[in-house]
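Structure first, then comments.
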Amino acid sequence: MDIFDTRGIAESESVNDDISAEEMLIREINEFSPDVAIMMLNCTHRDDIIKDVEFMKKVSKDYAKINDLRLPIVVVVNKCDDMAPSRIKSPDDYPRNKVEKINEVVQYYKGIIIKNGLKIDNIIPVSSLIDWQTPDGLEVTVEEIENLPQYDIDNLAIAFDGRYRIEDLYNILEAAIQDFEAQMGLRMAARLHDVVQRFARHLVKIFAGIAGVIATTPIPVSDIYILIILQTLLVALIAALSGKDLSLETAKEFISNVCGVAGVGYGLRIAAQQLVKFANVAFPGAGSAVSAGIAALGTSGIGNAAIAFYIDGKDLEEAKKKFKEMKEKKEKGDNGVNSQGTV
């Protein structure tokens, strides 16, 4: 994906007296030959955009003449997180009055654009707010990232995700682009995270199934080490999908941190999974069935916590929460006990 940033029209300067800054900018755009143009506006400042609209009309006219093709134009109203109340940055928590104010600004810009005769494909409000942190917990600005050690850059995590309607913007851009190859290129770039996430979830299902099979062995303790290795390998593979080179030792530390303080919580679950096997003495096969359910449940919870941490960029507390949610959800109706309460 190549991006040509034209800067603001007012910021452009002419290199000589033979060509104006505006003409030079139009020439540069045509040389770049974009598949789609994004007209970026500010949500918190209702700027006089008539000059920008007129410029985009010239760009569109020249582009159509040179390429015999209409230039798709998407208007993006950015920095929605700064709209009052600006202290509320999480899109899930945007109050109704904030959303209404954002939509008012969008309608204001849309009215000017239509009135002045600029043909656009769509207009959307967004926020691209992301706060980043290094592996040791230091929060950094986007401008500071390039000054970090390479290890920190390779292992940056999202400290706070305030993105608003970015997925919708992907869809709008994809629909606006007319060149099929460019459209597919954007689709691949934009959906890469989804592909990785789906594959990771598929891995979790496979490993949970294997864990369940391993845990059916009727002999207590015999499967503990195999299960731990299996779950450690699952975490390492999920980390690898996110682009991180994770050792098995570090993966084991992740499991200990997520499943309980110093691994105590996880240890108790392992103990429970092993103890139910003694039920095989009185009811052959019953203890193994429950053991399989616990093993599959634990593996699935660990896998989903790893996805939250390594792929979704959540912090360790969020990963623990994911493990707990998964455990509670499964225990309500998918823990080896049927609706009558019998095993």
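Lettering and numbering for the structure tokens are positional, with chains as A, B, ... in the shown order, residues counted from 1 in each chain, and ligands counted from 1 in the shown order.
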Which neighbours of Gly162 of chain A fall inside 12 Å, counting only C-alpha atoms, when residues of the same chain fewer than 6 positions from it are skipped, and could you give them as a count of residues only? 20
Could you state the separation of atom CA of Glu167 of chain A and atom CA of Asp312 of chain A in Å, given to one decimal place?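 Atom-to-atom, atom CA of Glu167 of chain A and atom CA of Asp312 of chain A are spaced 14.4 Å apart.
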Provide the atom CA of Cys259 of chain A to atom CA of Thr232 of chain A distance in Å, to one decimal place.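 Value for the atom CA of Cys259 of chain A-atom CA of Thr232 of chain A distance: 12.6 Å.
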For segment 64-71 of chain A, find every residue with an atom within 12 Å (counting only C-alpha atoms), except residues of its own chain fewer than 3 positions away, and show them as a list in words.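 The residues satisfying every condition are Ile26, Arg27, Ile29, Asn30, Glu31, Phe32, Ser33, Pro34, Asp35, Val36, Ala37, Ile38, Met56, Lys57, Lys58, Val59, Ser60, Lys61, Val74, Leu118, Lys119, Ile120, Asp121, Ala176, Ile177, Gln178 and Asp179 of chain A.
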Where in segment 110-173 of chain A does DSSP assign helix (DSSP H, G or I), given as an MDAnalysis selection string? chainID A and resid 110:115 142:145 150:154 166:173
Just the number, please: distance in Å from atom CA of Asn304 of chain A to atom CA of Asn155 of chain A, one decimal.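 Atom-to-atom, atom CA of Asn304 of chain A to atom CA of Asn155 of chain A, that is 19.7 Å.
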Assign secondary structure with DSSP using the backbone only, and return the residues of segment 72-200 of chain A in strand (DSSP E or B) as JSON, numbers by chain. {"A": [73, 74, 75, 76, 77, 78, 122, 123, 124, 125, 127, 128, 129, 130, 131, 132, 133, 139, 140, 157, 158, 159, 160, 161, 162, 163, 164]}
File of the preceding selection, C-alpha atoms, as a CSV table (one decimal), in the first residue's frame:
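Writing done, so here's result31.csv:
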chain,number,residue,atom,x,y,z
A,73,ILE,CA,-13.1,10.4,-3.3
A,74,VAL,CA,-13.9,9.5,0.4
A,75,VAL,CA,-14.2,12.3,2.9
A,76,VAL,CA,-12.9,11.3,6.4
A,77,VAL,CA,-13.8,13.5,9.4
A,78,ASN,CA,-11.0,12.6,11.8
A,122,ASN,CA,-18.9,8.6,0.9
A,123,ILE,CA,-18.2,10.5,4.1
A,124,ILE,CA,-17.4,9.0,7.5
A,125,PRO,CA,-16.3,10.2,11.0
A,127,SER,CA,-10.8,8.4,15.3
A,128,SER,CA,-7.4,6.8,14.8
A,129,LEU,CA,-6.4,7.2,18.4
A,130,ILE,CA,-4.0,4.6,19.7
A,131,ASP,CA,-1.7,4.8,22.8
A,132,TRP,CA,1.4,2.6,22.6
A,133,GLN,CA,3.6,1.0,25.2
A,139,GLU,CA,3.9,4.6,27.2
A,140,VAL,CA,5.2,6.5,24.2
A,157,ALA,CA,1.8,-3.2,22.4
A,158,ILE,CA,-1.4,-1.2,22.4
A,159,ALA,CA,-1.9,0.5,25.8
A,160,PHE,CA,-5.2,2.0,24.8
A,161,ASP,CA,-7.3,1.5,21.6
A,162,GLY,CA,-9.5,4.5,20.9
A,163,ARG,CA,-10.1,3.8,17.2
A,164,TYR,CA,-13.6,4.7,16.0
If we count only C-alpha atoms and set the cut-off at 10 Å, which residues sit around Ile210 of chain A, ignoring sequence neighbours fewer than 2 positions away in its own chain? Please answer as a PyMOL selection string. chain A and resi 204-208+212-215+227+230+292+295-296+299
Please produce a file of those selected residues containing N, CA and C atoms, as a short mmCIF file (atom, residue, chain, number, x, y, z; two decimals), in the first residue's frame.
data_model
loop_
_atom_site.label_atom_id
_atom_site.label_comp_id
_atom_site.auth_asym_id
_atom_site.auth_seq_id
_atom_site.Cartn_x
_atom_site.Cartn_y
_atom_site.Cartn_z
N VAL A 204 -6.78 -22.96 18.46
CA VAL A 204 -7.28 -23.17 19.82
C VAL A 204 -8.25 -24.36 19.84
N LYS A 205 -9.14 -24.43 18.87
CA LYS A 205 -10.11 -25.53 18.80
C LYS A 205 -9.39 -26.87 18.62
N ILE A 206 -8.39 -26.89 17.75
CA ILE A 206 -7.64 -28.13 17.50
C ILE A 206 -6.92 -28.58 18.77
N PHE A 207 -6.22 -27.64 19.43
CA PHE A 207 -5.45 -27.99 20.62
C PHE A 207 -6.37 -28.37 21.79
N ALA A 208 -7.52 -27.70 21.91
CA ALA A 208 -8.47 -28.05 22.96
C ALA A 208 -8.99 -29.47 22.75
N GLY A 212 -8.41 -32.69 25.22
CA GLY A 212 -9.50 -33.52 25.70
C GLY A 212 -9.23 -34.99 25.50
N VAL A 213 -8.67 -35.32 24.34
CA VAL A 213 -8.34 -36.73 24.04
C VAL A 213 -7.25 -37.23 24.97
N ILE A 214 -6.21 -36.41 25.15
CA ILE A 214 -5.09 -36.80 26.03
C ILE A 214 -5.58 -37.03 27.45
N ALA A 215 -6.49 -36.18 27.91
CA ALA A 215 -6.95 -36.24 29.30
C ALA A 215 -7.87 -37.42 29.59
N LEU A 227 -0.04 -32.28 28.74
CA LEU A 227 -0.98 -31.15 28.63
C LEU A 227 -0.26 -29.81 28.76
N LEU A 230 1.59 -29.17 25.62
CA LEU A 230 0.63 -28.85 24.57
C LEU A 230 0.15 -27.40 24.67
N ALA A 292 -11.48 -34.93 30.68
CA ALA A 292 -11.34 -34.44 29.30
C ALA A 292 -11.97 -33.07 29.14
N ALA A 295 -9.75 -30.43 30.83
CA ALA A 295 -8.53 -30.19 30.05
C ALA A 295 -8.82 -29.36 28.81
N ALA A 296 -9.91 -29.70 28.11
CA ALA A 296 -10.29 -28.95 26.90
C ALA A 296 -10.65 -27.52 27.27
N THR A 299 -7.45 -25.50 28.18
CA THR A 299 -6.67 -25.22 26.97
C THR A 299 -7.33 -24.14 26.13
#
Segment 244-251 of chain A surroundings by only C-alpha atoms, 9 Å radius, close-in-sequence under 6 positions cut, as a VMD selection string: chain A and resid 154 to 155 229 231 to 238 310
Residues as selected, all heavy atoms, written as a short mmCIF file (atom, residue, chain, number, x, y, z; two decimals), in the first residue's frame, can you do that?
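The resulting part07.cif:
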data_model
loop_
_atom_site.label_atom_id
_atom_site.label_comp_id
_atom_site.auth_asym_id
_atom_site.auth_seq_id
_atom_site.Cartn_x
_atom_site.Cartn_y
_atom_site.Cartn_z
N ASP A 154 9.85 -3.69 17.86
CA ASP A 154 9.33 -4.97 17.38
C ASP A 154 8.26 -5.53 18.31
O ASP A 154 7.45 -6.37 17.90
CB ASP A 154 10.45 -5.99 17.24
CG ASP A 154 11.42 -5.63 16.12
OD1 ASP A 154 11.03 -4.84 15.24
OD2 ASP A 154 12.57 -6.12 16.15
N ASN A 155 8.26 -5.10 19.57
CA ASN A 155 7.35 -5.68 20.56
C ASN A 155 6.41 -4.65 21.18
O ASN A 155 5.93 -4.84 22.30
CB ASN A 155 8.16 -6.39 21.66
CG ASN A 155 8.89 -7.60 21.15
OD1 ASN A 155 8.32 -8.68 21.03
ND2 ASN A 155 10.17 -7.44 20.82
N ILE A 229 2.89 -29.17 28.10
CA ILE A 229 3.67 -28.96 26.88
C ILE A 229 2.75 -28.51 25.74
O ILE A 229 3.06 -27.60 24.98
CB ILE A 229 4.43 -30.24 26.49
CG1 ILE A 229 5.52 -30.53 27.51
CG2 ILE A 229 5.03 -30.11 25.09
CD1 ILE A 229 6.17 -31.90 27.35
N GLN A 231 -0.21 -26.98 25.88
CA GLN A 231 -0.72 -25.62 26.08
C GLN A 231 0.37 -24.58 25.90
O GLN A 231 0.12 -23.49 25.37
CB GLN A 231 -1.37 -25.52 27.46
CG GLN A 231 -2.65 -26.34 27.56
CD GLN A 231 -3.06 -26.66 28.99
OE1 GLN A 231 -2.30 -26.44 29.93
NE2 GLN A 231 -4.27 -27.17 29.15
N THR A 232 1.59 -24.93 26.31
CA THR A 232 2.73 -24.02 26.11
C THR A 232 3.01 -23.83 24.63
O THR A 232 3.26 -22.71 24.16
CB THR A 232 3.99 -24.59 26.82
OG1 THR A 232 3.71 -24.77 28.20
CG2 THR A 232 5.17 -23.65 26.66
N LEU A 233 2.95 -24.92 23.88
CA LEU A 233 3.17 -24.85 22.43
C LEU A 233 2.08 -24.01 21.76
O LEU A 233 2.37 -23.23 20.85
CB LEU A 233 3.17 -26.26 21.85
CG LEU A 233 3.42 -26.39 20.34
CD1 LEU A 233 4.77 -25.80 19.97
CD2 LEU A 233 3.34 -27.85 19.90
N LEU A 234 0.84 -24.15 22.23
CA LEU A 234 -0.27 -23.36 21.68
C LEU A 234 -0.01 -21.86 21.85
O LEU A 234 -0.17 -21.07 20.92
CB LEU A 234 -1.58 -23.75 22.36
CG LEU A 234 -2.81 -22.90 22.01
CD1 LEU A 234 -3.13 -22.97 20.51
CD2 LEU A 234 -4.02 -23.35 22.83
N VAL A 235 0.40 -21.47 23.05
CA VAL A 235 0.69 -20.05 23.33
C VAL A 235 1.83 -19.56 22.44
O VAL A 235 1.77 -18.46 21.87
CB VAL A 235 1.04 -19.84 24.82
CG1 VAL A 235 1.56 -18.41 25.07
CG2 VAL A 235 -0.17 -20.11 25.70
N ALA A 236 2.88 -20.37 22.29
CA ALA A 236 4.03 -19.98 21.46
C ALA A 236 3.62 -19.81 20.00
O ALA A 236 4.08 -18.89 19.32
CB ALA A 236 5.14 -21.03 21.59
N LEU A 237 2.74 -20.69 19.50
CA LEU A 237 2.28 -20.60 18.11
C LEU A 237 1.44 -19.34 17.89
O LEU A 237 1.56 -18.67 16.87
CB LEU A 237 1.48 -21.84 17.74
CG LEU A 237 2.28 -23.13 17.51
CD1 LEU A 237 1.35 -24.32 17.34
CD2 LEU A 237 3.18 -22.98 16.27
N ILE A 238 0.57 -19.03 18.84
CA ILE A 238 -0.26 -17.83 18.73
C ILE A 238 0.62 -16.58 18.75
O ILE A 238 0.40 -15.63 17.98
CB ILE A 238 -1.32 -17.79 19.85
CG1 ILE A 238 -2.36 -18.88 19.61
CG2 ILE A 238 -1.99 -16.42 19.94
CD1 ILE A 238 -3.34 -19.09 20.75
N TYR A 310 -1.58 -11.39 22.57
CA TYR A 310 -0.58 -11.29 21.51
C TYR A 310 -1.13 -10.77 20.19
O TYR A 310 -0.44 -10.05 19.46
CB TYR A 310 0.06 -12.66 21.28
CG TYR A 310 0.94 -13.11 22.42
CD1 TYR A 310 0.54 -14.14 23.26
CD2 TYR A 310 2.16 -12.49 22.67
CE1 TYR A 310 1.34 -14.55 24.32
CE2 TYR A 310 2.96 -12.88 23.73
CZ TYR A 310 2.55 -13.92 24.55
OH TYR A 310 3.34 -14.30 25.60
#
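Using only C-alpha atoms, the shortest contact distance between Gln183 of chain A and any of A:Phe4, A:Tyr170, A:Tyr225, A:Phe55 is found at A:Tyr170.
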